[in-house]
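File shown here: protein.txt, holding compact mmCIF, N, CA and C atoms.
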```txt
# COMPACT_ATOMS: atom_id res chain seq x y z
N MET A 1 -12.10 34.01 69.13
CA MET A 1 -12.82 35.06 68.45
C MET A 1 -12.51 36.41 69.09
N GLN A 2 -12.33 36.43 70.40
CA GLN A 2 -12.04 37.70 71.05
C GLN A 2 -10.71 38.27 70.57
N VAL A 3 -9.73 37.41 70.36
CA VAL A 3 -8.43 37.87 69.88
C VAL A 3 -8.56 38.40 68.45
N ALA A 4 -9.27 37.67 67.59
CA ALA A 4 -9.47 38.10 66.20
C ALA A 4 -10.21 39.43 66.16
N ASP A 5 -11.17 39.62 67.05
CA ASP A 5 -11.89 40.89 67.09
C ASP A 5 -11.04 42.01 67.64
N ARG A 6 -10.29 41.73 68.70
CA ARG A 6 -9.48 42.77 69.33
C ARG A 6 -8.36 43.23 68.40
N ILE A 7 -7.67 42.31 67.75
CA ILE A 7 -6.52 42.67 66.93
C ILE A 7 -6.92 43.10 65.52
N TYR A 8 -7.86 42.36 64.91
CA TYR A 8 -8.19 42.60 63.50
C TYR A 8 -9.58 43.20 63.26
N ASP A 9 -10.34 43.40 64.33
CA ASP A 9 -11.72 43.87 64.18
C ASP A 9 -12.48 42.96 63.22
N PHE A 10 -12.27 41.65 63.39
CA PHE A 10 -12.75 40.63 62.47
C PHE A 10 -14.26 40.69 62.24
N SER A 11 -15.03 40.79 63.31
CA SER A 11 -16.49 40.77 63.17
C SER A 11 -17.00 41.94 62.34
N ASN A 12 -16.45 43.12 62.55
CA ASN A 12 -16.89 44.29 61.79
C ASN A 12 -16.38 44.30 60.35
N ARG A 13 -15.15 43.88 60.15
CA ARG A 13 -14.57 43.95 58.81
C ARG A 13 -14.97 42.79 57.91
N VAL A 14 -15.06 41.61 58.45
CA VAL A 14 -15.32 40.42 57.62
C VAL A 14 -16.77 39.98 57.73
N LEU A 15 -17.23 39.79 58.95
CA LEU A 15 -18.58 39.26 59.13
C LEU A 15 -19.66 40.35 59.10
N LYS A 16 -19.24 41.59 59.23
CA LYS A 16 -20.17 42.73 59.23
C LYS A 16 -21.31 42.51 60.21
N ASN A 17 -20.93 42.04 61.39
CA ASN A 17 -21.85 41.82 62.51
C ASN A 17 -22.92 40.77 62.26
N GLN A 18 -22.71 39.88 61.30
CA GLN A 18 -23.60 38.74 61.11
C GLN A 18 -23.21 37.67 62.13
N HIS A 19 -24.15 36.81 62.44
CA HIS A 19 -23.86 35.73 63.37
C HIS A 19 -22.99 34.67 62.71
N THR A 20 -22.03 34.18 63.45
CA THR A 20 -21.24 33.04 63.05
C THR A 20 -21.46 31.97 64.10
N PHE A 21 -21.87 30.81 63.65
CA PHE A 21 -22.11 29.71 64.58
C PHE A 21 -20.91 28.78 64.57
N ILE A 22 -20.40 28.45 65.74
CA ILE A 22 -19.29 27.53 65.88
C ILE A 22 -19.81 26.33 66.66
N PHE A 23 -19.82 25.20 66.00
CA PHE A 23 -20.33 23.97 66.60
C PHE A 23 -19.17 23.07 66.98
N LEU A 24 -19.19 22.55 68.19
CA LEU A 24 -18.19 21.60 68.65
C LEU A 24 -18.87 20.24 68.78
N PHE A 25 -18.39 19.29 68.01
CA PHE A 25 -18.98 17.95 68.02
C PHE A 25 -18.00 16.95 68.59
N GLN A 26 -18.47 16.09 69.45
CA GLN A 26 -17.66 15.01 70.00
C GLN A 26 -17.76 13.82 69.05
N SER A 27 -17.19 13.97 67.87
CA SER A 27 -17.23 12.89 66.89
C SER A 27 -16.07 13.05 65.93
N LYS A 28 -15.84 12.02 65.14
CA LYS A 28 -14.77 12.02 64.15
C LYS A 28 -15.37 11.91 62.76
N HIS A 29 -14.59 12.35 61.79
CA HIS A 29 -14.97 12.23 60.39
C HIS A 29 -13.83 11.52 59.68
N GLN A 30 -14.14 10.78 58.63
CA GLN A 30 -13.09 10.01 57.94
C GLN A 30 -12.01 10.90 57.35
N LYS A 31 -12.39 12.07 56.83
CA LYS A 31 -11.41 12.90 56.13
C LYS A 31 -11.16 14.26 56.77
N GLU A 32 -12.16 14.84 57.39
CA GLU A 32 -12.06 16.22 57.85
C GLU A 32 -11.81 16.32 59.35
N GLU A 33 -11.01 17.33 59.72
CA GLU A 33 -10.80 17.67 61.13
C GLU A 33 -11.87 18.68 61.56
N SER A 34 -12.19 19.55 60.64
CA SER A 34 -13.21 20.56 60.84
C SER A 34 -13.56 21.10 59.46
N PHE A 35 -14.63 21.84 59.40
CA PHE A 35 -14.99 22.46 58.12
C PHE A 35 -15.84 23.68 58.37
N CYS A 36 -15.91 24.52 57.35
CA CYS A 36 -16.60 25.79 57.43
C CYS A 36 -17.53 25.93 56.23
N LEU A 37 -18.77 26.27 56.50
CA LEU A 37 -19.72 26.56 55.43
C LEU A 37 -19.91 28.07 55.40
N CYS A 38 -19.30 28.72 54.42
CA CYS A 38 -19.37 30.17 54.30
C CYS A 38 -20.27 30.53 53.12
N PHE A 39 -20.93 31.65 53.25
CA PHE A 39 -21.73 32.16 52.13
C PHE A 39 -21.90 33.66 52.30
N THR A 40 -22.26 34.32 51.21
CA THR A 40 -22.50 35.75 51.23
C THR A 40 -24.00 35.98 51.27
N ALA A 41 -24.45 36.76 52.24
CA ALA A 41 -25.87 37.06 52.38
C ALA A 41 -26.29 38.09 51.34
N LYS A 42 -27.58 38.29 51.19
CA LYS A 42 -28.10 39.24 50.20
C LYS A 42 -27.61 40.66 50.45
N ASP A 43 -27.34 41.00 51.71
CA ASP A 43 -26.87 42.35 52.03
C ASP A 43 -25.35 42.49 51.87
N GLY A 44 -24.69 41.43 51.38
CA GLY A 44 -23.24 41.46 51.16
C GLY A 44 -22.42 41.00 52.34
N ALA A 45 -23.05 40.69 53.45
CA ALA A 45 -22.32 40.24 54.64
C ALA A 45 -21.88 38.79 54.46
N THR A 46 -20.75 38.46 55.03
CA THR A 46 -20.25 37.09 55.01
C THR A 46 -20.81 36.36 56.22
N CYS A 47 -21.41 35.20 55.98
CA CYS A 47 -21.97 34.38 57.05
C CYS A 47 -21.22 33.05 57.07
N ALA A 48 -21.15 32.46 58.22
CA ALA A 48 -20.40 31.20 58.32
C ALA A 48 -20.92 30.33 59.45
N ASP A 49 -20.87 29.05 59.19
CA ASP A 49 -21.07 28.04 60.22
C ASP A 49 -19.79 27.22 60.27
N ILE A 50 -19.17 27.15 61.43
CA ILE A 50 -17.92 26.42 61.59
C ILE A 50 -18.19 25.19 62.43
N TYR A 51 -17.77 24.05 61.92
CA TYR A 51 -17.97 22.77 62.60
C TYR A 51 -16.59 22.24 63.00
N MET A 52 -16.36 22.13 64.28
CA MET A 52 -15.09 21.60 64.78
C MET A 52 -15.36 20.26 65.42
N LEU A 53 -14.61 19.26 64.97
CA LEU A 53 -14.77 17.90 65.47
C LEU A 53 -13.70 17.61 66.51
N ILE A 54 -14.12 17.12 67.65
CA ILE A 54 -13.20 16.85 68.75
C ILE A 54 -13.41 15.41 69.20
N PRO A 55 -12.44 14.58 69.37
CA PRO A 55 -11.02 14.87 69.16
C PRO A 55 -10.68 14.84 67.67
N HIS A 56 -9.68 15.61 67.30
CA HIS A 56 -9.26 15.60 65.91
C HIS A 56 -8.00 14.77 65.74
N LYS A 57 -7.75 14.37 64.51
CA LYS A 57 -6.66 13.42 64.22
C LYS A 57 -5.29 14.05 64.38
N ASP A 58 -5.14 15.30 63.94
CA ASP A 58 -3.84 15.96 63.97
C ASP A 58 -3.58 16.50 65.37
N GLN A 59 -2.86 15.76 66.18
CA GLN A 59 -2.61 16.14 67.56
C GLN A 59 -1.67 17.33 67.69
N GLU A 60 -0.98 17.70 66.60
CA GLU A 60 -0.04 18.81 66.66
C GLU A 60 -0.74 20.16 66.44
N ALA A 61 -1.92 20.16 65.86
CA ALA A 61 -2.64 21.40 65.60
C ALA A 61 -3.60 21.67 66.76
N PRO A 62 -3.35 22.72 67.54
CA PRO A 62 -4.27 23.03 68.63
C PRO A 62 -5.60 23.56 68.08
N PRO A 63 -6.67 23.43 68.84
CA PRO A 63 -7.98 23.89 68.37
C PRO A 63 -7.98 25.36 67.94
N GLN A 64 -7.17 26.20 68.59
CA GLN A 64 -7.11 27.61 68.23
C GLN A 64 -6.62 27.78 66.80
N SER A 65 -5.63 26.99 66.40
CA SER A 65 -5.10 27.05 65.04
C SER A 65 -6.13 26.58 64.02
N VAL A 66 -6.86 25.55 64.39
CA VAL A 66 -7.90 25.03 63.50
C VAL A 66 -8.98 26.08 63.31
N LEU A 67 -9.38 26.76 64.39
CA LEU A 67 -10.39 27.80 64.29
C LEU A 67 -9.91 28.95 63.41
N LEU A 68 -8.67 29.39 63.59
CA LEU A 68 -8.13 30.46 62.75
C LEU A 68 -8.10 30.05 61.28
N HIS A 69 -7.78 28.81 61.01
CA HIS A 69 -7.79 28.32 59.64
C HIS A 69 -9.19 28.43 59.04
N GLU A 70 -10.20 28.02 59.81
CA GLU A 70 -11.58 28.08 59.31
C GLU A 70 -12.03 29.53 59.13
N LEU A 71 -11.61 30.42 60.01
CA LEU A 71 -11.94 31.84 59.84
C LEU A 71 -11.30 32.41 58.58
N GLY A 72 -10.17 31.84 58.18
CA GLY A 72 -9.54 32.25 56.93
C GLY A 72 -10.44 32.02 55.72
N HIS A 73 -11.28 31.00 55.77
CA HIS A 73 -12.23 30.78 54.69
C HIS A 73 -13.24 31.93 54.63
N CYS A 74 -13.60 32.46 55.77
CA CYS A 74 -14.51 33.62 55.80
C CYS A 74 -13.86 34.84 55.14
N VAL A 75 -12.57 35.04 55.42
CA VAL A 75 -11.84 36.14 54.80
C VAL A 75 -11.84 35.97 53.28
N ASN A 76 -11.60 34.75 52.83
CA ASN A 76 -11.58 34.48 51.39
C ASN A 76 -12.92 34.83 50.74
N ILE A 77 -14.02 34.45 51.37
CA ILE A 77 -15.35 34.76 50.83
C ILE A 77 -15.58 36.27 50.83
N ALA A 78 -15.17 36.94 51.90
CA ALA A 78 -15.39 38.40 52.02
C ALA A 78 -14.60 39.17 50.96
N LEU A 79 -13.48 38.63 50.51
CA LEU A 79 -12.64 39.32 49.52
C LEU A 79 -13.12 39.11 48.08
N GLN A 80 -14.05 38.22 47.88
CA GLN A 80 -14.52 37.96 46.51
C GLN A 80 -15.48 39.01 46.05
```

Write-out of the structure in structure tokens:
Amino acid sequence: MQVADRIYDFSNRVLKNQHTFIFLFQSKHQKEESFCLCFTAKDGATCADIYMLIPHKDQEAPPQSVLLHELGHCVNIALQ
């Protein structure tokens, strides 16, 4: 998150200083490696809860890449 904020000002531009919760679970899911629940608040801010499951099945994708992928869902919601 620090890199996304430093380079892209992610929190101010996308999340508009709303809280984003990132949960790390020591469990597996049948289909998902991680998932993001994004929504737009009444004030227009994008809110998100990101759930990352560890260990994940795809050993080639580092957790940083998975997190960036989930943050991409936030960008998608913010652009709508």

Practice problem: Using only N, CA and C atoms, pick whichever of A:Gln26, A:Ser11, A:Thr20, A:Ser34 has the shortest atom-to-atom distance to Ala48 in chain A. | Solution: A:Thr20

Quiz prompt | All residues 8 Å or closer to Phe39 in chain A, only N, CA and C atoms, same chain fewer than 6 positions away omitted, as a ChimeraX atom specification | solution = /A:45-49,73-74,77-78

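Between CA of Asp43 in chain A and CA of Asp5 in chain A lies a distance of 21.3 Å.
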
Practice problem: Up to 5 Å from (-12.1, 23.8, 61.8) in the file's coordinates: name the residues, counting only N, CA and C atoms, as a ChimeraX atom specification. | Solution: /A:34-35,51-52,66-67,70

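A straight line drawn from atom N of Leu37 in chain A to atom N of Ile50 in chain A is 5.0 Å long.
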
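Our summary of the geometry notes that atom N of Phe23 in chain A is positioned 17.2 Å from atom C of Ala4 in chain A.
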
Quiz prompt | DSSP strand (DSSP E) selection over chain A, as number ranges by chain | solution = A: 20-25, 34-40, 46-53
